[in-house]
>>> print(open('work.txt').read())   # compact mmCIF, C-alpha atoms
# COMPACT_ATOMS: atom_id res chain seq x y z
CA MET A 1 127.54 79.99 106.14
CA GLN A 2 126.49 77.33 108.59
CA PRO A 3 124.48 78.33 111.68
CA LYS A 4 126.00 78.05 115.11
CA GLU A 5 125.19 75.25 117.48
CA LEU A 6 121.69 75.22 118.94
CA THR A 7 121.29 77.64 121.81
CA THR A 8 119.41 76.76 124.95
CA ARG A 9 117.33 79.90 125.14
CA LEU A 10 113.63 79.65 125.82
CA ILE A 11 110.89 80.72 123.45
CA ASN A 12 110.16 84.43 123.65
CA ALA A 13 106.58 85.57 123.22
CA SER A 14 107.81 88.09 120.64
CA ASP A 15 109.16 85.20 118.52
CA ALA A 16 105.59 84.99 117.21
CA ILE A 17 106.34 87.93 114.91
CA ALA A 18 109.21 86.13 113.15
CA TRP A 19 107.40 82.77 113.24
CA LYS A 20 104.27 84.12 111.55
CA THR A 21 106.41 85.76 108.87
CA CYS A 22 108.67 82.78 108.12
CA ARG A 23 109.35 79.57 110.05
CA ARG A 24 112.94 79.57 108.80
CA ARG A 25 113.49 83.04 110.25
CA ALA A 26 112.21 81.78 113.62
CA TRP A 27 114.53 78.77 113.29
CA TYR A 28 117.50 81.07 112.60
CA ASP A 29 116.60 83.14 115.65
CA PHE A 30 117.17 80.03 117.76
CA ARG A 31 120.47 79.28 116.03
CA GLN A 32 121.60 82.92 115.89
CA PRO A 33 123.85 82.66 112.83
CA ASP A 34 126.55 85.19 112.05
CA ALA A 35 124.53 86.01 108.93
CA GLY A 36 122.07 88.07 110.97
CA MET A 37 122.01 91.70 109.85
CA ALA A 38 121.16 94.84 111.79
CA PRO A 39 117.65 96.28 111.35
CA ASP A 40 117.31 98.69 108.45
CA PRO A 41 116.54 102.40 109.09
CA PHE A 42 112.79 101.97 108.59
CA GLU A 43 112.63 99.10 111.10
CA LEU A 44 114.55 101.26 113.57
CA LEU A 45 112.06 104.07 112.96
CA ILE A 46 109.16 101.73 113.70
CA MET A 47 110.87 100.50 116.88
CA GLU A 48 111.45 104.05 118.04
CA ALA A 49 107.87 105.03 117.29
CA GLY A 50 106.66 101.95 119.17
CA MET A 51 108.69 102.89 122.24
CA ASP A 52 107.35 106.44 122.09
CA HIS A 53 103.81 105.07 121.96
CA GLU A 54 104.50 102.77 124.92
CA GLN A 55 105.77 105.70 126.99
CA SER A 56 102.78 107.81 125.99
CA VAL A 57 100.41 105.06 127.15
CA LEU A 58 102.36 104.60 130.37
CA MET A 59 102.18 108.30 131.23
CA GLY A 60 98.41 108.17 130.92
CA LEU A 61 97.93 105.24 133.29
CA GLY A 62 98.84 106.85 136.60
CA ASP A 63 101.11 105.51 139.34
CA TYR A 64 103.06 102.34 138.58
CA GLN A 65 106.03 100.28 139.71
CA THR A 66 108.62 98.87 137.31
CA ALA A 67 109.54 95.21 137.74
CA GLN A 68 113.28 94.52 137.84
CA ASP A 69 113.23 90.76 137.22
CA GLU A 70 111.09 87.63 137.68
CA THR A 71 111.53 87.60 141.46
CA HIS A 72 110.59 91.27 141.79
CA THR A 73 107.58 90.70 139.53
CA ALA A 74 106.37 87.94 141.86
CA GLU A 75 106.83 90.22 144.84
CA LEU A 76 104.84 93.02 143.24
CA ILE A 77 102.05 90.58 142.35
CA ALA A 78 102.00 89.21 145.91
CA ALA A 79 101.69 92.79 147.19
CA ARG A 80 98.77 93.35 144.77
CA THR A 81 100.43 96.34 143.14
CA PRO A 82 97.71 98.04 141.03
CA LEU A 83 99.89 98.68 137.97
CA ILE A 84 103.13 96.85 137.18
CA TYR A 85 105.31 98.06 134.29
CA GLN A 86 107.53 95.63 132.34
CA PRO A 87 106.73 92.49 134.40
CA LYS A 88 109.03 89.57 133.62
CA PHE A 89 108.07 85.90 133.52
CA GLN A 90 109.83 82.62 132.87
CA ASP A 91 107.61 79.56 132.46
CA LYS A 92 109.75 76.42 132.26
CA GLU A 93 106.71 74.23 131.64
CA LEU A 94 105.88 76.19 128.48
CA SER A 95 109.59 76.90 127.76
CA VAL A 96 108.67 80.57 127.48
CA VAL A 97 109.98 83.93 128.63
CA ALA A 98 107.57 86.83 128.40
CA GLN A 99 107.54 90.51 129.21
CA PRO A 100 104.24 92.25 128.56
CA ASP A 101 104.31 96.01 128.93
CA PHE A 102 101.79 96.12 131.79
CA LEU A 103 99.92 94.14 134.43
CA PHE A 104 96.60 95.62 135.53
CA LEU A 105 95.11 94.49 138.84
CA GLU A 106 91.41 93.71 138.57
CA ASP A 107 88.92 91.99 140.89
CA GLU A 108 89.58 88.62 139.21
CA GLY A 109 93.35 89.01 139.23
CA TYR A 110 95.94 90.46 136.89
CA ARG A 111 95.33 91.24 133.22
CA ALA A 112 98.28 91.63 130.86
CA GLY A 113 98.41 94.68 128.62
CA ASP A 114 100.67 95.64 125.74
CA ALA A 115 101.08 98.91 123.85
CA LYS A 116 100.90 98.48 120.08
CA LEU A 117 101.35 101.25 117.55
CA ALA A 118 98.73 99.76 115.22
CA ARG A 119 95.25 101.29 115.08
CA SER A 120 93.66 97.85 114.92
CA MET A 121 94.69 94.27 115.66
CA LYS A 122 92.25 92.85 113.10
CA ASP A 123 94.93 91.99 110.54
CA LYS A 124 97.80 91.42 112.99
CA PRO A 125 97.81 87.65 113.68
CA ASP A 126 101.44 87.71 114.82
CA LEU A 127 100.78 90.36 117.46
CA ARG A 128 97.61 88.62 118.57
CA ILE A 129 99.57 85.41 119.14
CA GLN A 130 102.21 87.29 121.11
CA LEU A 131 99.56 88.76 123.40
CA ALA A 132 97.84 85.39 123.75
CA VAL A 133 101.13 83.89 124.99
CA TYR A 134 101.12 86.49 127.77
CA GLN A 135 97.74 85.19 128.88
CA ARG A 136 98.96 81.60 128.78
CA VAL A 137 101.97 82.50 130.93
CA LEU A 138 99.75 84.32 133.43
CA LYS A 139 97.40 81.30 133.49
CA THR A 140 94.39 83.57 133.65
CA GLU A 141 90.99 83.83 132.00
CA LEU A 142 91.45 87.60 131.65
CA SER A 143 92.14 88.36 128.00
CA THR A 144 95.26 90.37 127.23
CA LYS A 145 94.48 93.98 126.36
CA ALA A 146 96.13 95.71 123.40
CA LEU A 147 96.46 99.47 123.95
CA LEU A 148 96.48 100.86 120.42
CA ALA A 149 97.06 104.16 118.66
CA GLU A 150 94.54 106.97 118.99
CA GLY A 151 93.39 105.61 122.37
CA ASN A 152 91.81 102.47 120.92
CA PHE A 153 92.05 99.08 122.61
CA GLU A 154 91.18 95.47 121.81
CA PHE A 155 91.25 92.10 123.57
CA ILE A 156 92.52 88.80 122.27
CA ASN A 157 90.06 85.90 121.93
CA GLU A 158 89.82 82.11 122.05
CA LYS A 159 91.03 81.76 118.47
CA ASP A 160 94.16 83.70 119.37
CA LEU A 161 94.78 81.39 122.32
CA LYS A 162 94.52 78.32 120.08
CA ASN A 163 96.91 79.92 117.59
CA SER A 164 99.34 80.66 120.42
CA ASP A 165 99.24 77.00 121.45
CA ALA A 166 100.10 76.01 117.87
CA PHE A 167 102.92 78.57 117.85
CA LEU A 168 104.44 77.25 121.08
CA ALA A 169 104.21 73.63 119.93
CA ASP A 170 105.86 74.39 116.58
CA MET A 171 108.57 76.51 118.16
CA LYS A 172 109.53 73.60 120.41
CA GLU A 173 109.92 71.45 117.29
CA LEU A 174 111.93 74.12 115.48
CA ALA A 175 114.36 74.31 118.38
CA THR A 176 115.76 70.88 117.51
CA ALA A 177 114.71 70.47 113.86
CA ASP A 178 116.78 70.76 110.69
CA ARG A 179 116.46 74.01 108.81
CA PRO A 180 112.87 74.20 107.49
CA ASP A 181 111.98 74.75 103.86
CA ALA A 182 111.20 78.30 102.81
CA HIS A 183 110.51 80.25 99.64
CA PHE A 184 111.41 83.71 98.45
CA GLY A 185 108.96 86.51 99.13
CA ALA A 186 109.93 90.08 98.24
CA SER A 187 108.41 91.86 101.23
CA ARG A 188 109.18 89.02 103.62
CA CYS A 189 112.81 88.55 102.56
CA ASN A 190 113.72 92.22 102.10
CA GLY A 191 113.07 92.91 105.77
CA CYS A 192 114.65 89.73 107.13
CA PRO A 193 117.98 89.98 109.02
CA TYR A 194 119.06 86.67 107.45
CA ARG A 195 118.38 87.69 103.84
CA GLN A 196 122.04 87.56 102.83
CA THR A 197 122.02 83.84 103.70
CA CYS A 198 118.76 82.77 102.07
CA VAL A 199 118.19 85.11 99.12
CA PRO A 200 121.32 84.09 97.13
CA GLU A 201 120.26 80.48 97.64
CA PHE A 202 116.73 81.19 96.39
CA ARG A 203 118.12 82.89 93.29
CA ALA A 204 120.64 80.14 92.56
CA ASN A 205 117.98 77.45 92.89
CA GLY A 206 115.42 79.27 90.75
CA ASP A 207 112.93 79.37 93.62
CA LEU A 208 109.34 79.74 92.40
CA GLY A 209 108.68 82.40 95.00
CA GLN A 210 110.57 84.86 92.79
CA ASN A 211 107.68 84.75 90.31
CA TYR A 212 105.21 87.60 90.91
CA PHE A 213 102.25 85.44 89.95
CA VAL A 214 103.03 82.41 92.12
CA ASP A 215 101.54 82.54 95.59
CA ALA A 216 103.79 80.84 98.18
CA ARG A 217 100.83 78.65 99.16
CA ALA A 218 100.71 77.25 95.62
CA ILE A 219 104.37 76.20 95.51
CA PRO A 220 104.01 72.79 97.25
CA HIS A 221 101.20 71.89 94.84
CA LEU A 222 103.27 72.96 91.81
CA GLN A 223 106.24 70.96 93.07
CA ALA A 224 104.01 67.90 93.39
CA ALA A 225 103.04 68.45 89.75
CA GLY A 226 106.71 68.51 88.67
CA ILE A 227 107.16 72.29 88.53
CA SER A 228 109.95 72.96 91.04
CA THR A 229 111.92 75.89 89.58
CA LEU A 230 111.50 78.97 87.42
CA SER A 231 113.11 77.02 84.55
CA ASP A 232 110.44 74.32 84.87
CA LEU A 233 107.74 76.97 84.81
CA ALA A 234 109.26 78.75 81.81
CA LEU A 235 109.08 75.50 79.79
CA ALA A 236 105.53 74.69 80.85
CA ASN A 237 102.41 75.04 78.72
CA PRO A 238 99.88 77.20 80.59
CA GLU A 239 97.01 75.23 79.05
CA THR A 240 98.23 71.93 80.49
CA LEU A 241 99.32 73.24 83.87
CA PRO A 242 97.01 71.80 86.53
CA ASP A 243 94.72 74.01 88.55
CA VAL A 244 96.06 74.06 92.09
CA PRO A 245 95.06 76.20 95.06
CA TYR A 246 96.01 79.86 94.55
CA PHE A 247 97.17 79.18 90.98
CA LYS A 248 94.35 79.11 88.47
CA GLY A 249 93.04 80.82 85.36
CA GLU A 250 94.95 83.76 83.91
CA LYS A 251 97.60 83.51 86.64
CA LYS A 252 99.06 80.47 84.88
CA SER A 253 99.81 82.22 81.58
CA LYS A 254 101.14 85.30 83.36
CA ALA A 255 103.40 83.17 85.56
CA VAL A 256 104.85 81.29 82.57
CA LEU A 257 105.56 84.52 80.69
CA HIS A 258 107.17 86.06 83.75
CA ALA A 259 109.37 82.99 84.21
CA GLN A 260 110.42 83.12 80.55
CA SER A 261 111.25 86.81 80.89
CA VAL A 262 113.42 86.18 83.96
CA ILE A 263 115.20 83.15 82.47
CA ASP A 264 115.84 84.76 79.05
CA GLY A 265 116.43 88.27 80.37
CA LYS A 266 113.99 89.71 77.85
CA ILE A 267 110.99 92.01 78.06
CA ILE A 268 107.84 90.29 76.82
CA VAL A 269 105.11 92.61 75.57
CA ARG A 270 101.72 91.00 76.16
CA SER A 271 99.71 93.78 74.51
CA THR A 272 100.25 97.25 73.13
CA PRO A 273 99.02 99.84 75.61
CA THR A 274 96.44 102.34 74.47
CA ARG A 275 97.96 105.76 74.01
CA ILE A 276 96.54 108.45 76.22
CA THR A 277 95.23 111.46 74.36
CA GLY A 278 96.43 114.83 75.52
CA THR A 279 99.49 115.38 77.69
CA PRO A 280 100.06 112.76 80.43
CA ILE A 281 101.21 113.99 83.83
CA HIS A 282 102.46 111.42 86.32
CA PHE A 283 100.82 111.78 89.72
CA ASP A 284 101.68 110.07 93.00
CA ILE A 285 100.59 110.35 96.61
CA GLU A 286 102.78 109.58 99.63
CA THR A 287 101.25 108.70 102.99
CA ASN A 288 102.65 108.50 106.51
CA PRO A 289 101.75 105.12 108.09
CA LEU A 290 102.69 106.48 111.52
CA ALA A 291 100.36 109.48 111.34
CA ALA A 292 98.34 109.92 114.51
CA GLU A 293 95.18 110.87 112.64
CA SER A 294 93.82 109.81 109.27
CA SER A 295 93.57 113.47 108.20
CA GLU A 296 97.36 113.73 108.47
CA GLU A 297 98.20 110.57 106.51
CA VAL A 298 98.78 112.19 103.10
CA TYR A 299 101.74 114.51 103.30
CA LEU A 300 102.87 114.79 99.69
CA TRP A 301 101.33 115.01 96.24
CA GLY A 302 103.90 114.53 93.46
CA PHE A 303 103.62 115.68 89.84
CA LEU A 304 105.91 114.94 86.89
CA PRO A 305 104.98 116.85 83.70
CA PRO A 306 106.74 116.60 80.32
CA PRO A 307 109.51 116.10 79.41
CA TYR A 308 109.57 113.83 82.50
CA GLU A 309 113.10 114.60 83.61
CA PRO A 310 114.17 114.81 87.28
CA GLN A 311 114.30 118.59 87.10
CA ASP A 312 110.63 118.67 86.04
CA PHE A 313 109.36 117.06 89.24
CA GLU A 314 107.11 119.20 91.43
CA HIS A 315 105.17 118.38 94.56
CA LEU A 316 102.78 119.79 97.11
CA TRP A 317 103.23 118.98 100.75
CA HIS A 318 101.55 119.88 104.01
CA ASP A 319 102.61 119.94 107.64
CA GLY A 320 99.90 120.03 110.26
CA GLY A 321 102.41 120.86 112.96
CA ALA A 322 102.84 119.41 116.42
CA GLU A 323 99.93 121.46 117.74
CA LYS A 324 97.64 120.66 114.78
CA ARG A 325 98.01 124.10 113.24
CA PRO A 326 96.02 124.76 110.05
CA LYS A 327 97.55 122.96 107.11
CA CYS A 328 100.34 124.82 105.37
CA LEU A 329 100.67 124.14 101.64
CA ALA A 330 103.81 124.79 99.65
CA ALA A 331 104.62 124.29 95.98
CA VAL A 332 108.15 123.02 95.49
CA SER A 333 110.08 122.57 92.26
CA TRP A 334 113.74 121.86 91.56
CA LYS A 335 115.81 124.37 89.62
CA GLY A 336 119.24 122.90 89.15
CA SER A 337 120.28 121.16 92.35
CA GLN A 338 118.34 123.41 94.75
CA PRO A 339 114.64 123.27 95.60
CA LYS A 340 112.62 126.41 95.10
CA THR A 341 109.70 126.76 97.50
CA LYS A 342 106.64 128.97 97.25
CA ILE A 343 104.28 129.14 100.22
CA LEU A 344 100.66 129.06 99.10
>>> encode(input="work.txt", output="structure tokens")
Amino acid sequence: MQPKELTTRLINASDAIAWKTCRRRAWYDFRQPDAGMAPDPFELLIMEAGMDHEQSVLMGLGDYQTAQDETHTAELIAARTPLIYQPKFQDKELSVVAQPDFLFLEDEGYRAGDAKLARSMKDKPDLRIQLAVYQRVLKTELSTKALLAEGNFEFINEKDLKNSDAFLADMKELATADRPDAHFGASRCNGCPYRQTCVPEFRANGDLGQNYFVDARAIPHLQAAGISTLSDLALANPETLPDVPYFKGEKKSKAVLHAQSVIDGKIIVRSTPTRITGTPIHFDIETNPLAAESSEEVYLWGFLPPPYEPQDFEHLWHDGGAEKRPKCLAAVSWKGSQPKTKIL
């Protein structure tokens, strides 16, 4: 399916999230193809949790006024309103529209603030760029403040501002460029709204990104060495494959075997596993990434004893309760189609 004609919309500060994940996804966002899919249930859950966090932060900030549009935002700023909620900006020079969650009035002027569900922004370069764009739009030296989970907060820095400049420059190029190259990535593609357009293409072309042992950053180097598809990799000799960035040592032999397995549709046994003495019991732990406190992260311990059939599965779970009641443990096992619960 071919994308629609180029839209004339401006860059949105939140485009940084798609751009940092995949430049092609950002390109599609400009073109808005019919191939776009609705968010999956987990993405919707994250969005809902993010909105709940934003409202929780807002309720703790005191009196505020909500901006209706760009003109109203300007009026509230001119009146030196102490706290402005959902201010709206359009910067034609930067080709950007932006809507931080908050504007805080300080002695030096207004500081942008944004509620983020994360506990830390350390490993969130996409969010840091988004917040840096807010500062660029405000044309202020006051660093944007991220209001995080558990009452934490962080500020963006000079590196984030430089990265935001690179983001804005590249987005302007993407607005008029041909569709950029991209490679398959399981986590990246599975959550992309345009996956039904790109993924079949990646599979048909034997994209190297489908190989578990090939880092996307190594693909251009492998292509330069004549290895462009999974078929090429399956026919390669690991000992003569060149060392390239992110593709060295044992990775080469593993990648070749994986490619051969995919191409031939066969399971390749690299070594015979050592048998475990005694009776193995499968054990798994499930955590809640949205838990408010680290002590509430683990909510389920799963056990699968012999003979390892679905009806043999048992688990322990706990629920701290909305008011942080003492943990309640229950042992649950399935008898037939109904769970049987015993409170401990």
>>> closest_atom_pairs(input="work.txt", of="range 78-164 of chain A", to="range 48-71 of chain A", cutoff="12 Å", atoms="all atoms listed in the file", output="tab-separated table")
residue	atom	partner	partner_atom	distance
A:Ala78	CA	A:Thr71	CA	10.6
A:Ala79	CA	A:Gln65	CA	11.4
A:Arg80	CA	A:Gln65	CA	11.2
A:Thr81	CA	A:Gln65	CA	7.7
A:Pro82	CA	A:Tyr64	CA	7.3
A:Leu83	CA	A:Tyr64	CA	4.9
A:Ile84	CA	A:Gln65	CA	5.2
A:Tyr85	CA	A:Thr66	CA	4.6
A:Gln86	CA	A:Ala67	CA	5.8
A:Pro87	CA	A:Ala67	CA	5.1
A:Lys88	CA	A:Glu70	CA	4.9
A:Phe89	CA	A:Glu70	CA	5.4
A:Gln90	CA	A:Glu70	CA	7.1
A:Asp91	CA	A:Glu70	CA	10.2
A:Val97	CA	A:Glu70	CA	9.8
A:Ala98	CA	A:Glu70	CA	10.0
A:Gln99	CA	A:Glu70	CA	9.6
A:Pro100	CA	A:Ala67	CA	11.0
A:Asp101	CA	A:Glu54	CA	7.9
A:Phe102	CA	A:Leu58	CA	8.6
A:Leu103	CA	A:Tyr64	CA	9.7
A:Phe104	CA	A:Tyr64	CA	9.8
A:Leu105	CA	A:Tyr64	CA	11.2
A:Gly113	CA	A:Val57	CA	10.7
A:Asp114	CA	A:Glu54	CA	8.1
A:Ala115	CA	A:Glu54	CA	5.3
A:Lys116	CA	A:Gly50	CA	6.8
A:Leu117	CA	A:Gly50	CA	5.6
A:Ala118	CA	A:Gly50	CA	9.1
A:Arg119	CA	A:His53	CA	11.6
A:Ala146	CA	A:Val57	CA	10.9
A:Leu147	CA	A:Val57	CA	7.6
A:Leu148	CA	A:His53	CA	8.6
A:Ala149	CA	A:His53	CA	7.6
A:Glu150	CA	A:His53	CA	9.9
A:Gly151	CA	A:Val57	CA	8.5
A:Asn152	CA	A:Val57	CA	10.9
A:Phe153	CA	A:Val57	CA	11.2
>>> write_last_selection(input="work.txt", atoms="C-alpha atoms", output="PDB file, in the coordinates of the input")
ATOM      1  CA  ALA A  78     102.000  89.210 145.910  1.00  0.00           C
ATOM      2  CA  ALA A  79     101.690  92.790 147.190  1.00  0.00           C
ATOM      3  CA  ARG A  80      98.770  93.350 144.770  1.00  0.00           C
ATOM      4  CA  THR A  81     100.430  96.340 143.140  1.00  0.00           C
ATOM      5  CA  PRO A  82      97.710  98.040 141.030  1.00  0.00           C
ATOM      6  CA  LEU A  83      99.890  98.680 137.970  1.00  0.00           C
ATOM      7  CA  ILE A  84     103.130  96.850 137.180  1.00  0.00           C
ATOM      8  CA  TYR A  85     105.310  98.060 134.290  1.00  0.00           C
ATOM      9  CA  GLN A  86     107.530  95.630 132.340  1.00  0.00           C
ATOM     10  CA  PRO A  87     106.730  92.490 134.400  1.00  0.00           C
ATOM     11  CA  LYS A  88     109.030  89.570 133.620  1.00  0.00           C
ATOM     12  CA  PHE A  89     108.070  85.900 133.520  1.00  0.00           C
ATOM     13  CA  GLN A  90     109.830  82.620 132.870  1.00  0.00           C
ATOM     14  CA  ASP A  91     107.610  79.560 132.460  1.00  0.00           C
ATOM     15  CA  VAL A  97     109.980  83.930 128.630  1.00  0.00           C
ATOM     16  CA  ALA A  98     107.570  86.830 128.400  1.00  0.00           C
ATOM     17  CA  GLN A  99     107.540  90.510 129.210  1.00  0.00           C
ATOM     18  CA  PRO A 100     104.240  92.250 128.560  1.00  0.00           C
ATOM     19  CA  ASP A 101     104.310  96.010 128.930  1.00  0.00           C
ATOM     20  CA  PHE A 102     101.790  96.120 131.790  1.00  0.00           C
ATOM     21  CA  LEU A 103      99.920  94.140 134.430  1.00  0.00           C
ATOM     22  CA  PHE A 104      96.600  95.620 135.530  1.00  0.00           C
ATOM     23  CA  LEU A 105      95.110  94.490 138.840  1.00  0.00           C
ATOM     24  CA  GLY A 113      98.410  94.680 128.620  1.00  0.00           C
ATOM     25  CA  ASP A 114     100.670  95.640 125.740  1.00  0.00           C
ATOM     26  CA  ALA A 115     101.080  98.910 123.850  1.00  0.00           C
ATOM     27  CA  LYS A 116     100.900  98.480 120.080  1.00  0.00           C
ATOM     28  CA  LEU A 117     101.350 101.250 117.550  1.00  0.00           C
ATOM     29  CA  ALA A 118      98.730  99.760 115.220  1.00  0.00           C
ATOM     30  CA  ARG A 119      95.250 101.290 115.080  1.00  0.00           C
ATOM     31  CA  ALA A 146      96.130  95.710 123.400  1.00  0.00           C
ATOM     32  CA  LEU A 147      96.460  99.470 123.950  1.00  0.00           C
ATOM     33  CA  LEU A 148      96.480 100.860 120.420  1.00  0.00           C
ATOM     34  CA  ALA A 149      97.060 104.160 118.660  1.00  0.00           C
ATOM     35  CA  GLU A 150      94.540 106.970 118.990  1.00  0.00           C
ATOM     36  CA  GLY A 151      93.390 105.610 122.370  1.00  0.00           C
ATOM     37  CA  ASN A 152      91.810 102.470 120.920  1.00  0.00           C
ATOM     38  CA  PHE A 153      92.050  99.080 122.610  1.00  0.00           C
TER      39      PHE A 153
END
>>> atom_distance(input="work.txt", atom1="CA of Phe155 in chain A", atom2="CA of Arg111 in chain A")
10.5 Å
>>> closest_atom_pairs(input="work.txt", of="range 120-210 of chain A", to="range 253-267 of chain A", cutoff="12 Å", atoms="only C-alpha atoms", output="JSON lines")
{"residue": "A:Arg203", "atom": "CA", "partner": "A:Val262", "partner_atom": "CA", "distance": 11.0}
{"residue": "A:Ala204", "atom": "CA", "partner": "A:Ile263", "partner_atom": "CA", "distance": 11.9}
{"residue": "A:Gly206", "atom": "CA", "partner": "A:Ile263", "partner_atom": "CA", "distance": 9.1}
{"residue": "A:Asp207", "atom": "CA", "partner": "A:Ala259", "partner_atom": "CA", "distance": 10.7}
{"residue": "A:Leu208", "atom": "CA", "partner": "A:Ala259", "partner_atom": "CA", "distance": 8.8}
{"residue": "A:Gly209", "atom": "CA", "partner": "A:Ala259", "partner_atom": "CA", "distance": 10.8}
{"residue": "A:Gln210", "atom": "CA", "partner": "A:Ala259", "partner_atom": "CA", "distance": 8.9}
>>> atom_distance(input="work.txt", atom1="CA of Leu76 in chain A", atom2="CA of Gln130 in chain A")
23.0 Å
>>> atom_distance(input="work.txt", atom1="CA of Ala38 in chain A", atom2="CA of Tyr194 in chain A")
9.5 Å
>>> closest_residue(input="work.txt", among="A:Phe202, A:Trp27, A:Phe247, A:Trp301", to="Pro220 in chain A", atoms="only C-alpha atoms")
A:Phe247
>>> residues_around(input="work.txt", residues="Gly302 in chain A", least_positions_apart="6", cutoff="7 Å", atoms="all atoms listed in the file", output="PDB file with C-alpha atoms, in the frame of the given file")
ATOM      1  CA  PHE A 283     100.820 111.780  89.720  1.00  0.00           C
ATOM      2  CA  ASP A 284     101.680 110.070  93.000  1.00  0.00           C
ATOM      3  CA  ILE A 285     100.590 110.350  96.610  1.00  0.00           C
ATOM      4  CA  GLU A 314     107.110 119.200  91.430  1.00  0.00           C
ATOM      5  CA  HIS A 315     105.170 118.380  94.560  1.00  0.00           C
ATOM      6  CA  LEU A 316     102.780 119.790  97.110  1.00  0.00           C
TER       7      LEU A 316
END
>>> residues_around(input="work.txt", residues="Ile129 in chain A", least_positions_apart="5", cutoff="9 Å", atoms="only C-alpha atoms", output="JSON, numbers by chain")
{"A": [13, 14, 16, 17, 124, 134, 156, 160, 161, 162, 163, 164, 165, 167]}
>>> closest_residue(input="work.txt", among="A:Ala166, A:Glu108, A:Leu127, A:Arg9", to="Lys92 in chain A", atoms="all atoms listed in the file")
A:Arg9
>>> closest_residue(input="work.txt", among="A:Cys189, A:Ala236, A:Val199, A:Ile219", to="Ala18 in chain A", atoms="all atoms listed in the file")
A:Cys189
>>> closest_residue(input="work.txt", among="A:Arg275, A:Asn205, A:Tyr212, A:Leu300", to="Ser187 in chain A", atoms="all atoms listed in the file")
A:Tyr212
>>> closest_residue(input="work.txt", among="A:Pro238, A:Pro193, A:Pro125, A:Pro305", to="Lys20 in chain A", atoms="only C-alpha atoms")
A:Pro125
>>> residues_around(input="work.txt", residues="His282 in chain A", least_positions_apart="4", cutoff="10 Å", atoms="all atoms listed in the file", output="list in words")
Gly302, Phe303, Leu304, Pro305, Pro306, Tyr308 and Phe313 of chain A
>>> residues_near_point(input="work.txt", point="(108.6, 79.1, 103.8)", cutoff="8 Å", atoms="only C-alpha atoms", output="ChimeraX atom specification")
/A:22-24,180-184,216
>>> closest_residue(input="work.txt", among="A:Thr73, A:Thr21, A:Ser228, A:Asn288", to="Val214 in chain A", atoms="only C-alpha atoms")
A:Ser228
>>> build_atoms(input="work.txt", residues="range 235-248 of chain A", atoms="N, CA and C atoms", output="PDB file, in the frame of the given file")
ATOM      1  N   LEU A 235     109.260  76.499  80.850  1.00  0.00           N
ATOM      2  CA  LEU A 235     109.080  75.500  79.790  1.00  0.00           C
ATOM      3  C   LEU A 235     107.667  74.914  79.761  1.00  0.00           C
ATOM      4  N   ALA A 236     106.859  75.280  80.730  1.00  0.00           N
ATOM      5  CA  ALA A 236     105.530  74.690  80.850  1.00  0.00           C
ATOM      6  C   ALA A 236     104.549  75.318  79.875  1.00  0.00           C
ATOM      7  N   ASN A 237     103.517  74.552  79.542  1.00  0.00           N
ATOM      8  CA  ASN A 237     102.410  75.040  78.720  1.00  0.00           C
ATOM      9  C   ASN A 237     101.289  75.461  79.665  1.00  0.00           C
ATOM     10  N   PRO A 238     100.919  76.743  79.670  1.00  0.00           N
ATOM     11  CA  PRO A 238      99.880  77.200  80.590  1.00  0.00           C
ATOM     12  C   PRO A 238      98.577  76.408  80.485  1.00  0.00           C
ATOM     13  N   GLU A 239      98.276  75.934  79.254  1.00  0.00           N
ATOM     14  CA  GLU A 239      97.010  75.230  79.050  1.00  0.00           C
ATOM     15  C   GLU A 239      97.001  73.849  79.673  1.00  0.00           C
ATOM     16  N   THR A 240      98.179  73.269  79.887  1.00  0.00           N
ATOM     17  CA  THR A 240      98.230  71.930  80.490  1.00  0.00           C
ATOM     18  C   THR A 240      98.660  71.944  81.950  1.00  0.00           C
ATOM     19  N   LEU A 241      98.996  73.143  82.449  1.00  0.00           N
ATOM     20  CA  LEU A 241      99.320  73.240  83.870  1.00  0.00           C
ATOM     21  C   LEU A 241      98.074  72.937  84.696  1.00  0.00           C
ATOM     22  N   PRO A 242      98.197  72.129  85.735  1.00  0.00           N
ATOM     23  CA  PRO A 242      97.010  71.800  86.530  1.00  0.00           C
ATOM     24  C   PRO A 242      96.546  72.984  87.356  1.00  0.00           C
ATOM     25  N   ASP A 243      95.255  73.031  87.605  1.00  0.00           N
ATOM     26  CA  ASP A 243      94.720  74.010  88.550  1.00  0.00           C
ATOM     27  C   ASP A 243      95.051  73.541  89.955  1.00  0.00           C
ATOM     28  N   VAL A 244      95.746  74.374  90.697  1.00  0.00           N
ATOM     29  CA  VAL A 244      96.060  74.060  92.090  1.00  0.00           C
ATOM     30  C   VAL A 244      95.615  75.249  92.926  1.00  0.00           C
ATOM     31  N   PRO A 245      95.470  75.069  94.213  1.00  0.00           N
ATOM     32  CA  PRO A 245      95.060  76.200  95.060  1.00  0.00           C
ATOM     33  C   PRO A 245      95.948  77.420  94.860  1.00  0.00           C
ATOM     34  N   TYR A 246      95.341  78.578  94.711  1.00  0.00           N
ATOM     35  CA  TYR A 246      96.010  79.860  94.550  1.00  0.00           C
ATOM     36  C   TYR A 246      96.771  79.993  93.231  1.00  0.00           C
ATOM     37  N   PHE A 247      96.491  79.105  92.277  1.00  0.00           N
ATOM     38  CA  PHE A 247      97.170  79.180  90.980  1.00  0.00           C
ATOM     39  C   PHE A 247      96.236  78.635  89.919  1.00  0.00           C
ATOM     40  N   LYS A 248      95.355  79.521  89.443  1.00  0.00           N
ATOM     41  CA  LYS A 248      94.350  79.110  88.470  1.00  0.00           C
ATOM     42  C   LYS A 248      94.130  80.214  87.439  1.00  0.00           C
TER      43      LYS A 248
END
